[in-house]
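A.B. asks: Structure file run-v8.cif (mmCIF, C-alpha atoms) is given on the next line.
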data_final
loop_
_atom_site.label_atom_id
_atom_site.label_comp_id
_atom_site.auth_asym_id
_atom_site.auth_seq_id
_atom_site.Cartn_x
_atom_site.Cartn_y
_atom_site.Cartn_z
CA MET A 29 -9.15 -15.56 32.50
CA ALA A 30 -6.14 -14.93 34.76
CA TRP A 31 -4.10 -13.84 31.71
CA LEU A 32 -6.79 -11.37 30.64
CA LYS A 33 -7.08 -9.93 34.16
CA ALA A 34 -3.30 -9.57 34.33
CA LEU A 35 -3.35 -7.85 30.96
CA LYS A 36 -5.92 -5.37 32.23
CA ALA A 37 -4.01 -4.78 35.48
CA ASN A 38 -0.79 -4.22 33.54
CA ALA A 39 -2.48 -1.62 31.36
CA GLY A 40 -3.38 0.39 34.44
CA SER A 41 -5.06 3.66 33.61
CA HIS A 42 -3.01 4.16 30.44
CA GLN A 43 -4.50 2.87 27.22
CA ASP A 44 -3.66 4.31 23.84
CA PRO A 45 -6.89 5.02 21.94
CA ASP A 46 -5.79 3.67 18.54
CA ASN A 47 -2.91 2.05 16.68
CA GLU A 48 -1.52 5.33 15.34
CA THR A 49 -1.24 6.76 18.86
CA LEU A 50 0.16 3.51 20.21
CA VAL A 51 2.93 3.23 17.62
CA ALA A 52 3.81 6.93 18.04
CA ASN A 53 3.95 6.59 21.84
CA VAL A 54 6.16 3.50 21.65
CA ASN A 55 8.45 5.40 19.30
CA LYS A 56 8.55 8.37 21.75
CA GLY A 57 9.23 6.02 24.69
CA THR A 58 6.05 6.93 26.60
CA THR A 59 4.60 3.45 26.04
CA ASP A 60 6.80 0.35 26.43
CA LEU A 61 5.27 -1.88 23.76
CA GLY A 62 2.15 -2.53 21.79
CA VAL A 63 0.54 -5.15 19.61
CA ILE A 64 -0.28 -3.60 16.23
CA ASN A 65 -0.75 -4.44 12.60
CA HIS A 66 2.69 -4.05 11.00
CA TYR A 67 1.67 -1.34 8.57
CA TYR A 68 1.19 1.25 11.36
CA TRP A 69 4.90 1.03 12.15
CA TYR A 70 5.91 1.35 8.50
CA ARG A 71 3.63 4.37 8.11
CA LEU A 72 5.24 5.97 11.17
CA ARG A 73 8.67 5.27 9.67
CA ASP A 74 7.58 7.05 6.49
CA GLU A 75 6.29 9.98 8.53
CA VAL A 76 9.25 10.54 10.89
CA GLY A 77 12.11 9.27 8.71
CA GLN A 78 14.91 6.96 9.76
CA SER A 79 16.47 9.55 12.09
CA GLY A 80 13.18 9.98 13.96
CA LEU A 81 12.62 6.25 14.37
CA HIS A 82 13.32 5.06 17.93
CA SER A 83 11.36 1.82 17.87
CA LYS A 84 11.44 -1.42 15.96
CA LEU A 85 8.96 -3.95 14.73
CA ALA A 86 9.00 -7.44 16.23
CA THR A 87 6.89 -10.50 15.49
CA PHE A 88 5.66 -13.37 17.61
CA ALA A 89 7.58 -16.65 17.44
CA ALA A 90 6.41 -19.20 14.90
CA GLY A 91 3.27 -20.96 16.11
CA ASP A 92 2.75 -18.62 19.09
CA ASP A 93 -0.91 -18.22 20.05
CA GLY A 94 -0.53 -14.44 19.84
CA TYR A 95 0.53 -14.60 16.20
CA LEU A 96 -2.14 -13.39 13.81
CA LEU A 97 -2.33 -12.80 10.11
CA ASP A 98 -5.28 -10.49 9.51
CA VAL A 99 -6.65 -10.77 5.97
CA SER A 100 -8.98 -8.20 4.39
CA GLY A 101 -11.65 -9.26 1.97
CA ALA A 102 -14.03 -7.82 -0.59
CA ALA A 103 -17.41 -8.92 -1.86
CA VAL A 104 -20.35 -7.69 -3.88
CA LEU A 105 -23.55 -7.16 -1.93
CA LYS A 106 -26.59 -8.87 -3.35
CA SER A 107 -28.50 -5.64 -2.75
CA SER A 108 -26.06 -3.57 -4.83
CA THR A 109 -27.66 -1.65 -7.68
CA HIS A 110 -24.30 -1.60 -9.46
CA GLN A 111 -23.50 -5.32 -9.65
CA ALA A 112 -21.37 -5.18 -12.79
CA ALA A 113 -19.26 -2.25 -11.56
CA ALA A 114 -18.85 -3.86 -8.14
CA ARG A 115 -17.74 -7.15 -9.69
CA ALA A 116 -15.30 -5.27 -11.91
CA LEU A 117 -13.84 -3.48 -8.87
CA VAL A 118 -13.40 -6.73 -6.92
CA ALA A 119 -11.86 -8.40 -9.98
CA PHE A 120 -9.40 -5.50 -10.31
CA LEU A 121 -8.51 -5.58 -6.60
CA VAL A 122 -7.48 -9.25 -6.78
CA SER A 123 -5.78 -9.01 -10.17
CA ALA A 124 -2.03 -8.65 -10.56
CA ALA A 125 -2.56 -5.02 -11.69
CA GLY A 126 -4.65 -4.18 -8.61
CA GLU A 127 -2.25 -5.93 -6.28
CA HIS A 128 0.66 -4.07 -7.88
CA VAL A 129 -1.07 -0.81 -6.90
CA LEU A 130 -1.35 -2.11 -3.32
CA ALA A 131 2.24 -3.37 -3.22
CA SER A 132 3.65 -0.07 -4.48
CA SER A 133 1.49 2.17 -2.29
CA ASP A 134 2.22 3.57 1.15
CA SER A 135 -0.39 1.28 2.74
CA TRP A 136 2.33 -1.27 3.61
CA GLU A 137 -0.17 -4.11 3.29
CA TYR A 138 0.53 -7.47 1.67
CA PRO A 139 -1.17 -8.47 -1.58
CA VAL A 140 -2.19 -12.12 -1.23
CA GLY A 141 -4.11 -13.14 -4.36
CA SER A 142 -1.28 -13.26 -6.89
CA ALA A 143 2.48 -13.46 -7.15
CA VAL A 144 2.84 -9.69 -6.64
CA THR A 145 5.05 -8.81 -3.67
CA ASN A 146 6.32 -5.69 -1.96
CA PRO A 147 10.12 -6.10 -1.88
CA SER A 148 10.33 -3.61 1.02
CA LEU A 149 8.41 -6.00 3.32
CA PRO A 150 9.59 -9.33 4.71
CA PRO A 151 8.13 -12.12 2.56
CA LEU A 152 4.67 -13.12 3.74
CA ALA A 153 5.78 -16.76 3.57
CA SER A 154 8.40 -16.02 6.27
CA PHE A 155 5.68 -15.68 8.90
CA ARG A 156 4.51 -18.82 10.66
CA PRO A 157 1.28 -18.40 12.60
CA ARG A 158 -0.44 -21.49 13.99
CA SER A 159 -2.77 -23.09 11.48
CA PHE A 160 -6.44 -23.47 12.35
CA SER A 161 -9.78 -23.75 10.66
CA LEU A 162 -12.61 -21.25 11.03
CA ALA A 163 -14.68 -24.02 12.63
CA GLN A 164 -12.08 -24.26 15.41
CA ILE A 165 -12.38 -20.61 16.41
CA GLY A 166 -16.17 -20.41 16.40
CA ASP A 167 -18.12 -17.19 16.23
CA GLY A 168 -16.15 -15.20 18.81
CA SER A 169 -18.90 -15.21 21.45
CA HIS A 170 -16.76 -17.08 24.00
CA ALA A 171 -13.87 -14.64 23.53
CA ILE A 172 -16.23 -11.68 23.88
CA SER A 173 -17.64 -13.16 27.08
CA LEU A 174 -14.16 -13.62 28.55
CA LEU A 175 -13.15 -10.07 27.61
CA GLN A 176 -16.32 -8.72 29.22
CA GLN A 177 -15.73 -10.75 32.41
CA ALA A 178 -12.19 -9.41 32.62
CA GLY A 179 -13.45 -5.85 32.18
CA LEU A 180 -11.67 -5.34 28.88
CA LEU A 181 -14.89 -4.75 26.94
#
Output the file's structure in the form of structure tokens.
C.D. replies:
Amino acid sequence: MAWLKALKANAGSHQDPDNETLVANVNKGTTDLGVINHYYWYRLRDEVGQSGLHSKLATFAAGDDGYLLDVSGAAVLKSSTHQAAARALVAFLVSAAGEHVLASSDSWEYPVGSAVTNPSLPPLASFRPRSFSLAQIGDGSHAISLLQQAGLL
């Protein structure tokens, strides 16, 4: 709780409303640092070019509690009236062809279901977050309660 309260106190009255604003403000020097998903920084780099880039991307140390790999997922809703098309879309998204589209796009996200890689990104295997099971992290209710008590939510 003390860490969360210190985090809130450190933020003061300045909070960037979203990741795009945060990464732009860090690059301009009006915000000292921010915790973002990596692809926001790469998108900013694409937007401003190398000469306009005044920030850099850093990662947490291996095993640090702040280290997070955030994985997106896809599923077909049971209530879908287009089951076959939805299944075909999900199958394409996780196929090598679909992941090649992702890897060669300007999304700067990592494909994770096949051997397709984006050679412009550090290898995903080079990152070392702490391992845990979903059972260990629970449903998030404790974290939400702590954030509410600290006044962050």
A.B. asks: Could you tell me how far CA of Leu32 in chain A sits from CA of Ala90 in chain A, in Å to one decimal place?
C.D. replies: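 According to the coordinates, CA of Ala90 in chain A and CA of Leu32 in chain A are separated by 22.0 Å.
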A.B. asks: Out of A:Gly166, A:Pro157, A:Gly126, A:Pro147, which residue has the shortest atom-to-atom distance to Asp98 in chain A when counting all atoms listed in the file?
C.D. replies: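 Among the listed residues, the smallest separation from Asp98 in chain A belongs to A:Pro157.
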A.B. asks: I'd like to know which of A:Ala30, A:Leu181, A:Val54, A:Ala86 is closest to Phe155 in chain A, using only C-alpha atoms.
C.D. replies: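 Nearest candidate to Phe155 in chain A out of A:Ala30, A:Leu181, A:Val54, A:Ala86: A:Ala86.
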A.B. asks: Could you list the residues chosen by the PyMOL selection byres ((chain A and resi 103) around 9) in this structure as a PyMOL selection string?
C.D. replies: chain A and resi 101-102+104-105+114-115+118
A.B. asks: Using CA of Glu48 in chain A and CA of Tyr138 in chain A as the two end points, give the distance in Å to one decimal.
C.D. replies: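 Between CA of Glu48 in chain A and CA of Tyr138 in chain A the gap works out to 18.8 Å.
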A.B. asks: If the PyMOL selection byres ((chain A and resi 139) around 10) is run on the structure shown, which residues does it catch, given as an NGL selection string?
C.D. replies: :A and (99-100 or 121-124 or 126-131 or 136-138 or 140-146 or 152)
A.B. asks: Out of A:Tyr68, A:Gly80, A:Leu97, A:Leu117, which residue has the shortest atom-to-atom distance to Lys56 in chain A when counting all atoms listed in the file?
C.D. replies: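 Of A:Tyr68, A:Gly80, A:Leu97, A:Leu117, the one nearest Lys56 in chain A, counting all atoms listed in the file, is A:Gly80.
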A.B. asks: For a test of reading the model, state the distance in Å between CA of Arg158 in chain A and CA of Leu96 in chain A, rounded to one decimal.
C.D. replies: 8.3 Å
A.B. asks: Would you kindly translate the PyMOL selection byres ((chain A and resi 29) around 9) into the concrete residues it picks from this file, as a PyMOL selection string?
C.D. replies: chain A and resi 30-34+174-175+177-178
